[in-house]
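As provided, work.pdb (PDB, C-alpha atoms, pLDDT in the B column) reads as follows.
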ATOM      1  CA  MET A 943      19.177  52.826  32.731  1.00 37.00           C
ATOM      2  CA  GLU A 944      22.076  50.619  33.801  1.00 39.00           C
ATOM      3  CA  GLU A 945      25.624  51.838  33.444  1.00 43.00           C
ATOM      4  CA  PRO A 946      27.456  49.906  30.713  1.00 44.00           C
ATOM      5  CA  ASN A 947      30.035  48.732  33.248  1.00 75.00           C
ATOM      6  CA  MET A 948      27.230  47.301  35.396  1.00 91.00           C
ATOM      7  CA  ALA A 949      26.048  45.164  32.471  1.00 93.00           C
ATOM      8  CA  PHE A 950      29.669  44.124  31.929  1.00 95.00           C
ATOM      9  CA  ASP A 951      30.008  43.153  35.597  1.00 95.00           C
ATOM     10  CA  ILE A 952      26.782  41.135  35.472  1.00 95.00           C
ATOM     11  CA  ALA A 953      27.910  39.315  32.306  1.00 97.00           C
ATOM     12  CA  LYS A 954      31.370  38.611  33.714  1.00 96.00           C
ATOM     13  CA  GLU A 955      29.922  37.348  36.992  1.00 96.00           C
ATOM     14  CA  HIS A 956      27.672  35.034  34.976  1.00 97.00           C
ATOM     15  CA  LEU A 957      30.730  33.663  33.151  1.00 98.00           C
ATOM     16  CA  ASN A 958      32.541  33.230  36.489  1.00 97.00           C
ATOM     17  CA  GLN A 959      29.931  30.599  37.401  1.00 97.00           C
ATOM     18  CA  PHE A 960      31.427  28.489  34.600  1.00 97.00           C
ATOM     19  CA  SER A 961      35.060  29.429  35.433  1.00 97.00           C
ATOM     20  CA  LEU A 962      35.197  31.441  32.185  1.00 98.00           C
ATOM     21  CA  GLY A 963      35.344  34.999  33.526  1.00 96.00           C
ATOM     22  CA  GLY A 964      39.134  35.012  33.458  1.00 96.00           C
ATOM     23  CA  ARG A 965      39.031  34.852  29.662  1.00 96.00           C
ATOM     24  CA  VAL A 966      37.164  38.129  29.275  1.00 97.00           C
ATOM     25  CA  GLN A 967      39.178  40.742  27.408  1.00 96.00           C
ATOM     26  CA  VAL A 968      38.611  44.483  27.805  1.00 95.00           C
ATOM     27  CA  PHE A 969      39.878  46.730  25.026  1.00 95.00           C
ATOM     28  CA  ASP A 970      40.946  50.371  24.854  1.00 95.00           C
ATOM     29  CA  VAL A 971      39.034  50.575  21.572  1.00 95.00           C
ATOM     30  CA  SER A 972      35.422  49.878  20.639  1.00 94.00           C
ATOM     31  CA  SER A 973      34.350  46.342  19.816  1.00 95.00           C
ATOM     32  CA  ALA A 974      30.728  47.365  19.239  1.00 94.00           C
ATOM     33  CA  THR A 975      30.492  46.009  15.679  1.00 95.00           C
ATOM     34  CA  VAL A 976      31.657  42.751  14.142  1.00 96.00           C
ATOM     35  CA  ASP A 977      34.482  44.463  12.247  1.00 97.00           C
ATOM     36  CA  LEU A 978      35.644  46.499  15.252  1.00 97.00           C
ATOM     37  CA  ALA A 979      35.493  43.417  17.496  1.00 97.00           C
ATOM     38  CA  ALA A 980      37.523  41.382  14.986  1.00 97.00           C
ATOM     39  CA  GLN A 981      40.181  44.118  14.887  1.00 97.00           C
ATOM     40  CA  ALA A 982      40.287  44.345  18.688  1.00 97.00           C
ATOM     41  CA  VAL A 983      40.470  40.567  19.160  1.00 97.00           C
ATOM     42  CA  GLY A 984      42.758  39.943  16.179  1.00 97.00           C
ATOM     43  CA  CYS A 985      40.598  37.415  14.356  1.00 97.00           C
ATOM     44  CA  GLU A 986      38.495  37.106  11.219  1.00 96.00           C
ATOM     45  CA  PRO A 987      35.049  38.781  11.475  1.00 97.00           C
ATOM     46  CA  ALA A 988      33.345  35.400  11.026  1.00 97.00           C
ATOM     47  CA  HIS A 989      34.760  34.289  14.410  1.00 98.00           C
ATOM     48  CA  ILE A 990      32.909  37.055  16.249  1.00 98.00           C
ATOM     49  CA  ALA A 991      29.748  35.619  17.808  1.00 98.00           C
ATOM     50  CA  LYS A 992      27.282  38.449  17.351  1.00 97.00           C
ATOM     51  CA  THR A 993      24.145  38.473  19.473  1.00 98.00           C
ATOM     52  CA  LEU A 994      21.033  39.690  17.685  1.00 97.00           C
ATOM     53  CA  SER A 995      17.970  40.663  19.720  1.00 97.00           C
ATOM     54  CA  PHE A 996      14.408  40.134  18.506  1.00 97.00           C
ATOM     55  CA  MET A 997      10.843  40.246  19.778  1.00 96.00           C
ATOM     56  CA  VAL A 998       8.894  36.985  19.511  1.00 96.00           C
ATOM     57  CA  ASP A 999       5.392  36.686  20.983  1.00 92.00           C
ATOM     58  CA  GLY A1000       5.948  39.768  23.116  1.00 92.00           C
ATOM     59  CA  ALA A1001       9.185  38.501  24.675  1.00 94.00           C
ATOM     60  CA  PRO A1002      12.865  39.112  23.890  1.00 97.00           C
ATOM     61  CA  VAL A1003      14.809  36.429  22.031  1.00 97.00           C
ATOM     62  CA  LEU A1004      18.554  36.387  21.396  1.00 98.00           C
ATOM     63  CA  VAL A1005      20.114  34.645  18.420  1.00 98.00           C
ATOM     64  CA  VAL A1006      23.886  34.243  18.606  1.00 98.00           C
ATOM     65  CA  ALA A1007      25.364  33.874  15.111  1.00 98.00           C
ATOM     66  CA  ALA A1008      28.709  33.998  13.345  1.00 97.00           C
ATOM     67  CA  GLY A1009      29.935  37.450  12.384  1.00 97.00           C
ATOM     68  CA  ASP A1010      29.589  36.768   8.656  1.00 96.00           C
ATOM     69  CA  ALA A1011      26.032  35.413   8.845  1.00 96.00           C
ATOM     70  CA  LYS A1012      22.880  37.383   8.098  1.00 96.00           C
ATOM     71  CA  VAL A1013      19.360  36.537   9.205  1.00 96.00           C
ATOM     72  CA  ASP A1014      17.377  34.781   6.490  1.00 96.00           C
ATOM     73  CA  ASN A1015      13.802  36.045   6.838  1.00 95.00           C
ATOM     74  CA  ARG A1016      12.225  32.828   5.531  1.00 96.00           C
ATOM     75  CA  ARG A1017      14.235  30.573   7.844  1.00 97.00           C
ATOM     76  CA  TYR A1018      13.595  32.894  10.776  1.00 98.00           C
ATOM     77  CA  LYS A1019       9.828  32.851  10.178  1.00 97.00           C
ATOM     78  CA  ASP A1020       9.858  29.061   9.767  1.00 97.00           C
ATOM     79  CA  GLU A1021      11.654  28.721  13.124  1.00 97.00           C
ATOM     80  CA  PHE A1022       9.871  31.340  15.219  1.00 97.00           C
ATOM     81  CA  GLY A1023       6.513  31.647  13.449  1.00 96.00           C
ATOM     82  CA  THR A1024       6.823  35.390  13.006  1.00 95.00           C
ATOM     83  CA  LYS A1025       8.671  38.007  10.984  1.00 94.00           C
ATOM     84  CA  ALA A1026      12.121  38.982  12.267  1.00 93.00           C
ATOM     85  CA  LYS A1027      11.627  42.192  14.268  1.00 93.00           C
ATOM     86  CA  MET A1028      14.804  43.424  15.907  1.00 95.00           C
ATOM     87  CA  LEU A1029      14.601  45.231  19.225  1.00 96.00           C
ATOM     88  CA  THR A1030      15.326  48.940  19.263  1.00 95.00           C
ATOM     89  CA  PRO A1031      18.463  49.946  21.191  1.00 94.00           C
ATOM     90  CA  GLN A1032      16.288  51.084  24.115  1.00 95.00           C
ATOM     91  CA  GLU A1033      14.271  47.841  24.093  1.00 96.00           C
ATOM     92  CA  ALA A1034      17.472  45.783  24.046  1.00 95.00           C
ATOM     93  CA  GLU A1035      18.796  47.595  27.087  1.00 94.00           C
ATOM     94  CA  ASP A1036      15.478  47.510  28.961  1.00 95.00           C
ATOM     95  CA  LEU A1037      14.415  43.947  28.131  1.00 96.00           C
ATOM     96  CA  VAL A1038      17.739  42.102  27.748  1.00 97.00           C
ATOM     97  CA  GLY A1039      19.901  44.100  30.153  1.00 95.00           C
ATOM     98  CA  HIS A1040      22.732  44.949  27.768  1.00 94.00           C
ATOM     99  CA  ALA A1041      23.171  47.962  25.496  1.00 92.00           C
ATOM    100  CA  VAL A1042      23.592  47.520  21.742  1.00 91.00           C
ATOM    101  CA  GLY A1043      27.271  46.936  21.020  1.00 92.00           C
ATOM    102  CA  GLY A1044      27.622  44.792  24.115  1.00 94.00           C
ATOM    103  CA  VAL A1045      24.575  42.540  23.835  1.00 96.00           C
ATOM    104  CA  CYS A1046      25.517  38.986  24.770  1.00 97.00           C
ATOM    105  CA  PRO A1047      23.763  35.901  26.138  1.00 98.00           C
ATOM    106  CA  PHE A1048      25.465  36.183  29.548  1.00 98.00           C
ATOM    107  CA  GLY A1049      23.684  37.585  32.587  1.00 96.00           C
ATOM    108  CA  VAL A1050      20.535  38.507  30.692  1.00 97.00           C
ATOM    109  CA  LYS A1051      17.278  39.390  32.386  1.00 96.00           C
ATOM    110  CA  PRO A1052      14.872  36.586  33.349  1.00 95.00           C
ATOM    111  CA  GLY A1053      12.631  35.410  30.523  1.00 95.00           C
ATOM    112  CA  VAL A1054      15.115  36.161  27.730  1.00 97.00           C
ATOM    113  CA  ARG A1055      15.344  33.100  25.483  1.00 97.00           C
ATOM    114  CA  VAL A1056      18.716  32.321  23.868  1.00 98.00           C
ATOM    115  CA  PHE A1057      19.316  30.404  20.639  1.00 98.00           C
ATOM    116  CA  LEU A1058      22.593  29.562  18.906  1.00 98.00           C
ATOM    117  CA  ASP A1059      22.747  29.599  15.120  1.00 98.00           C
ATOM    118  CA  GLN A1060      24.312  26.755  13.120  1.00 97.00           C
ATOM    119  CA  SER A1061      26.692  29.268  11.505  1.00 97.00           C
ATOM    120  CA  LEU A1062      28.838  29.069  14.667  1.00 98.00           C
ATOM    121  CA  LYS A1063      29.420  25.309  14.488  1.00 96.00           C
ATOM    122  CA  ARG A1064      32.147  25.553  11.835  1.00 96.00           C
ATOM    123  CA  PHE A1065      34.545  27.102  14.378  1.00 97.00           C
ATOM    124  CA  GLU A1066      36.333  25.641  17.382  1.00 97.00           C
ATOM    125  CA  GLU A1067      36.311  28.998  19.182  1.00 97.00           C
ATOM    126  CA  VAL A1068      34.303  32.196  18.874  1.00 98.00           C
ATOM    127  CA  TYR A1069      34.312  35.615  20.537  1.00 98.00           C
ATOM    128  CA  PRO A1070      31.020  36.996  21.867  1.00 98.00           C
ATOM    129  CA  ALA A1071      30.791  40.353  23.636  1.00 97.00           C
ATOM    130  CA  CYS A1072      30.630  40.504  27.416  1.00 96.00           C
ATOM    131  CA  GLY A1073      28.050  43.168  28.213  1.00 95.00           C
ATOM    132  CA  SER A1074      29.977  46.220  27.007  1.00 95.00           C
ATOM    133  CA  ALA A1075      31.031  47.804  23.717  1.00 94.00           C
ATOM    134  CA  ASN A1076      34.713  47.151  24.441  1.00 96.00           C
ATOM    135  CA  SER A1077      34.834  43.537  25.606  1.00 96.00           C
ATOM    136  CA  ALA A1078      34.887  39.979  24.311  1.00 97.00           C
ATOM    137  CA  VAL A1079      35.415  36.484  25.654  1.00 98.00           C
ATOM    138  CA  ARG A1080      37.069  33.533  23.894  1.00 98.00           C
ATOM    139  CA  LEU A1081      34.868  30.441  24.152  1.00 98.00           C
ATOM    140  CA  SER A1082      34.788  27.022  22.580  1.00 98.00           C
ATOM    141  CA  ILE A1083      31.440  26.068  21.060  1.00 98.00           C
ATOM    142  CA  PRO A1084      30.636  23.678  23.954  1.00 98.00           C
ATOM    143  CA  GLU A1085      31.521  26.452  26.439  1.00 98.00           C
ATOM    144  CA  LEU A1086      29.264  28.904  24.593  1.00 98.00           C
ATOM    145  CA  GLU A1087      26.469  26.350  24.537  1.00 97.00           C
ATOM    146  CA  LEU A1088      26.760  25.756  28.282  1.00 97.00           C
ATOM    147  CA  SER A1089      27.341  29.334  29.472  1.00 98.00           C
ATOM    148  CA  SER A1090      24.690  30.922  27.234  1.00 98.00           C
ATOM    149  CA  GLY A1091      21.922  28.716  28.619  1.00 96.00           C
ATOM    150  CA  CYS A1092      20.718  28.313  25.049  1.00 97.00           C
ATOM    151  CA  GLU A1093      17.363  26.706  24.474  1.00 97.00           C
ATOM    152  CA  LYS A1094      18.484  25.012  21.275  1.00 97.00           C
ATOM    153  CA  TRP A1095      20.447  25.338  18.040  1.00 98.00           C
ATOM    154  CA  VAL A1096      18.610  26.990  15.132  1.00 98.00           C
ATOM    155  CA  ASP A1097      19.333  27.497  11.446  1.00 97.00           C
ATOM    156  CA  VAL A1098      18.081  31.013  10.703  1.00 97.00           C
ATOM    157  CA  CYS A1099      21.041  32.624   8.921  1.00 97.00           C
ATOM    158  CA  LYS A1100      22.366  32.854   5.383  1.00 93.00           C
ATOM    159  CA  GLY A1101      25.557  34.030   3.758  1.00 86.00           C
ATOM    160  CA  TRP A1102      27.977  31.871   5.700  1.00 84.00           C
ATOM    161  CA  ARG A1103      27.519  28.619   3.773  1.00 76.00           C
ATOM    162  CA  GLU A1104      28.859  30.179   0.593  1.00 61.00           C
ATOM    163  CA  GLN A1105      32.098  31.251   2.285  1.00 52.00           C
TER     164      GLN A1105
END
Can you turn what I pasted into structure tokens?
Amino acid sequence: MEEPNMAFDIAKEHLNQFSLGGRVQVFDVSSATVDLAAQAVGCEPAHIAKTLSFMVDGAPVLVVAAGDAKVDNRRYKDEFGTKAKMLTPQEAEDLVGHAVGGVCPFGVKPGVRVFLDQSLKRFEEVYPACGSANSAVRLSIPELELSSGCEKWVDVCKGWREQ
């Protein structure tokens, strides 16, 4: 099992390739949940870019969504052809490379597919984690799109349109 700081270092090094590592913030408090991350960053929970990990066709898939969005099972199945099955904390760490609370699309293990949810597009900037349960990085949507290596944008969440 990797040390949480090793996952953080891997994620930050990944962001350095895009000259974004200098924006990473490390907190003295936990940012492991959307609400805790919003408090640590000083933003609305919706601006936290949460990374959800799923299993699709035997391989890990990450969906990065706005903090106020929830997965819509019908939309998810229409997009991925299977029921939404989240990874267990151990699976996330083993297959993605980051522990729950710090899961992010940066510096993930080979074969992990990344998708960005439409719920993020209403913001100019968002704050995903950076491989640990006490970090975040401020990114514009184009920077997130580039640095995450996302395969494509998807529309698999609900709850945010009504806001």
Original post:
Which residue, A:Asn1076, A:Ser995, A:Asn958, A:Gln967, has the smallest gap to A:Gln1032 when you use all atoms listed in the file?
Top reply: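 For A:Gln1032, the nearest of the candidates is A:Ser995.
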Name every residue that the PyMOL selection byres ((chain A and resi 1088-1101) around 8) selects in this structure, writing the answer as a PDB file with C-alpha atoms, in the coordinates of the input with chains first and numbers rising.
ATOM      1  CA  HIS A 956      27.672  35.034  34.976  1.00 97.00           C
ATOM      2  CA  LEU A 957      30.730  33.663  33.151  1.00 98.00           C
ATOM      3  CA  PHE A 960      31.427  28.489  34.600  1.00 97.00           C
ATOM      4  CA  ALA A1007      25.364  33.874  15.111  1.00 98.00           C
ATOM      5  CA  ASP A1010      29.589  36.768   8.656  1.00 96.00           C
ATOM      6  CA  ALA A1011      26.032  35.413   8.845  1.00 96.00           C
ATOM      7  CA  LYS A1012      22.880  37.383   8.098  1.00 96.00           C
ATOM      8  CA  VAL A1013      19.360  36.537   9.205  1.00 96.00           C
ATOM      9  CA  ASP A1014      17.377  34.781   6.490  1.00 96.00           C
ATOM     10  CA  ASN A1015      13.802  36.045   6.838  1.00 95.00           C
ATOM     11  CA  ARG A1017      14.235  30.573   7.844  1.00 97.00           C
ATOM     12  CA  TYR A1018      13.595  32.894  10.776  1.00 98.00           C
ATOM     13  CA  GLU A1021      11.654  28.721  13.124  1.00 97.00           C
ATOM     14  CA  PRO A1047      23.763  35.901  26.138  1.00 98.00           C
ATOM     15  CA  PHE A1048      25.465  36.183  29.548  1.00 98.00           C
ATOM     16  CA  ARG A1055      15.344  33.100  25.483  1.00 97.00           C
ATOM     17  CA  VAL A1056      18.716  32.321  23.868  1.00 98.00           C
ATOM     18  CA  PHE A1057      19.316  30.404  20.639  1.00 98.00           C
ATOM     19  CA  LEU A1058      22.593  29.562  18.906  1.00 98.00           C
ATOM     20  CA  ASP A1059      22.747  29.599  15.120  1.00 98.00           C
ATOM     21  CA  GLN A1060      24.312  26.755  13.120  1.00 97.00           C
ATOM     22  CA  SER A1061      26.692  29.268  11.505  1.00 97.00           C
ATOM     23  CA  PRO A1084      30.636  23.678  23.954  1.00 98.00           C
ATOM     24  CA  GLU A1085      31.521  26.452  26.439  1.00 98.00           C
ATOM     25  CA  LEU A1086      29.264  28.904  24.593  1.00 98.00           C
ATOM     26  CA  GLU A1087      26.469  26.350  24.537  1.00 97.00           C
ATOM     27  CA  TRP A1102      27.977  31.871   5.700  1.00 84.00           C
ATOM     28  CA  ARG A1103      27.519  28.619   3.773  1.00 76.00           C
ATOM     29  CA  GLU A1104      28.859  30.179   0.593  1.00 61.00           C
ATOM     30  CA  GLN A1105      32.098  31.251   2.285  1.00 52.00           C
TER      31      GLN A1105
END
**OP:** Step by step, work through what the PyMOL selection byres ((chain A and resi 990) around 7) selects in the shown file, and finish by giving those residues as an MDAnalysis selection string.
**Re:** chainID A and resid 976 979:980 987:989 991:992 1008:1009 1068:1070
Original post:
So what does the PyMOL selection byres ((chain A and resi 1080) around 8) actually pick up in this one, as an NGL selection string?
Top reply: :A and (965-966 or 1067-1070 or 1078-1079 or 1081-1082)
**OP:** Just the residues within 8 Å of A:Ala1001, please, counting all atoms listed in the file, with nothing from its chain fewer than 4 positions along; format it as JSON, numbers by chain.
**Re:** {"A": [997, 1053, 1054]}
Subject >> Non-local contacts of A:Glu1035 (10 Å; only C-alpha atoms; under 4 positions in same chain excluded) as a VMD selection string >> reply: chain A and resid 943 to 944 946 949 1029 to 1031 1039 to 1042 1044 to 1045 1050 to 1051
Subject >> Atom-to-atom span, atom CA of A:Ile952 and atom CA of A:Pro1002, Å >> reply: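 Taking atom CA of A:Ile952 and atom CA of A:Pro1002, their separation equals 18.2 Å.
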Subject >> Test item: residues at most 6 Å from A:Cys1046, all atoms listed in the file, excluding those fewer than 5 positions along its chain, as a list in words >> reply: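 Surrounding residues, per the criterion: Thr993, Ala1071, Cys1072 and Gly1073 of chain A.
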Subject >> Nearest to A:Asp951 by atom-to-atom distance, counting only C-alpha atoms, from A:Thr1024, A:Ser1074, A:Ile1083, A:Asp999 >> reply: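 Under the stated criterion, the closest residue is A:Ser1074.
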Original post:
To one decimal place, how far is atom CA of A:Met1028 from atom CA of A:Val1005 in Å?
Top reply: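 Taking atom CA of A:Met1028 and atom CA of A:Val1005, their separation equals 10.6 Å.
Coordinates place atom CA of A:Ala1075 at a distance of 4.5 Å from atom CA of A:Ala974.
Minimum atom-to-atom distance to A:Val998, evaluated using all atoms listed in the file, belongs to A:Gly1023 out of A:Glu1033, A:Gly1023, A:Val983, A:Leu978.
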Taking the partial coordinates given, rebuild stretch 970-985 of chain A to contain N, CA, C and O atoms; return it as an mmCIF file, keeping the file's coordinate frame.
data_model
loop_
_atom_site.group_PDB
_atom_site.id
_atom_site.type_symbol
_atom_site.label_atom_id
_atom_site.label_comp_id
_atom_site.auth_asym_id
_atom_site.auth_seq_id
_atom_site.Cartn_x
_atom_site.Cartn_y
_atom_site.Cartn_z
ATOM 1 N N ASP A 970 40.900 48.904 24.812
ATOM 2 C CA ASP A 970 40.946 50.371 24.854
ATOM 3 C C ASP A 970 40.211 50.981 23.670
ATOM 4 O O ASP A 970 40.099 52.197 23.578
ATOM 5 N N VAL A 971 39.755 50.130 22.762
ATOM 6 C CA VAL A 971 39.034 50.575 21.572
ATOM 7 C C VAL A 971 37.662 49.914 21.568
ATOM 8 O O VAL A 971 37.421 48.933 22.272
ATOM 9 N N SER A 972 36.769 50.438 20.743
ATOM 10 C CA SER A 972 35.422 49.878 20.639
ATOM 11 C C SER A 972 35.440 48.511 19.963
ATOM 12 O O SER A 972 36.203 48.272 19.025
ATOM 13 N N SER A 973 34.586 47.636 20.462
ATOM 14 C CA SER A 973 34.350 46.342 19.816
ATOM 15 C C SER A 973 32.850 46.189 19.557
ATOM 16 O O SER A 973 32.310 45.085 19.567
ATOM 17 N N ALA A 974 32.183 47.324 19.329
ATOM 18 C CA ALA A 974 30.728 47.365 19.239
ATOM 19 C C ALA A 974 30.150 46.769 17.961
ATOM 20 O O ALA A 974 28.969 46.453 17.920
ATOM 21 N N THR A 975 30.972 46.635 16.921
ATOM 22 C CA THR A 975 30.492 46.009 15.679
ATOM 23 C C THR A 975 31.345 44.779 15.406
ATOM 24 O O THR A 975 32.415 44.611 15.997
ATOM 25 N N VAL A 976 30.894 43.955 14.485
ATOM 26 C CA VAL A 976 31.657 42.751 14.142
ATOM 27 C C VAL A 976 33.062 43.125 13.681
ATOM 28 O O VAL A 976 34.051 42.549 14.145
ATOM 29 N N ASP A 977 33.165 44.091 12.774
ATOM 30 C CA ASP A 977 34.482 44.463 12.247
ATOM 31 C C ASP A 977 35.392 45.050 13.323
ATOM 32 O O ASP A 977 36.575 44.722 13.397
ATOM 33 N N LEU A 978 34.841 45.919 14.171
ATOM 34 C CA LEU A 978 35.644 46.499 15.252
ATOM 35 C C LEU A 978 36.071 45.425 16.256
ATOM 36 O O LEU A 978 37.208 45.428 16.735
ATOM 37 N N ALA A 979 35.169 44.502 16.564
ATOM 38 C CA ALA A 979 35.493 43.417 17.496
ATOM 39 C C ALA A 979 36.591 42.530 16.918
ATOM 40 O O ALA A 979 37.526 42.138 17.623
ATOM 41 N N ALA A 980 36.501 42.217 15.629
ATOM 42 C CA ALA A 980 37.523 41.382 14.986
ATOM 43 C C ALA A 980 38.889 42.065 15.036
ATOM 44 O O ALA A 980 39.904 41.413 15.297
ATOM 45 N N GLN A 981 38.924 43.380 14.801
ATOM 46 C CA GLN A 981 40.181 44.118 14.887
ATOM 47 C C GLN A 981 40.727 44.096 16.311
ATOM 48 O O GLN A 981 41.917 43.880 16.526
ATOM 49 N N ALA A 982 39.852 44.310 17.290
ATOM 50 C CA ALA A 982 40.287 44.345 18.688
ATOM 51 C C ALA A 982 40.804 42.979 19.145
ATOM 52 O O ALA A 982 41.832 42.890 19.814
ATOM 53 N N VAL A 983 40.094 41.924 18.761
ATOM 54 C CA VAL A 983 40.470 40.567 19.160
ATOM 55 C C VAL A 983 41.672 40.068 18.368
ATOM 56 O O VAL A 983 42.523 39.355 18.887
ATOM 57 N N GLY A 984 41.717 40.437 17.071
ATOM 58 C CA GLY A 984 42.758 39.943 16.179
ATOM 59 C C GLY A 984 42.351 38.647 15.500
ATOM 60 O O GLY A 984 43.134 37.701 15.415
ATOM 61 N N CYS A 985 41.101 38.607 15.040
ATOM 62 C CA CYS A 985 40.598 37.415 14.356
ATOM 63 C C CYS A 985 39.797 37.830 13.129
ATOM 64 O O CYS A 985 39.576 39.017 12.898
#
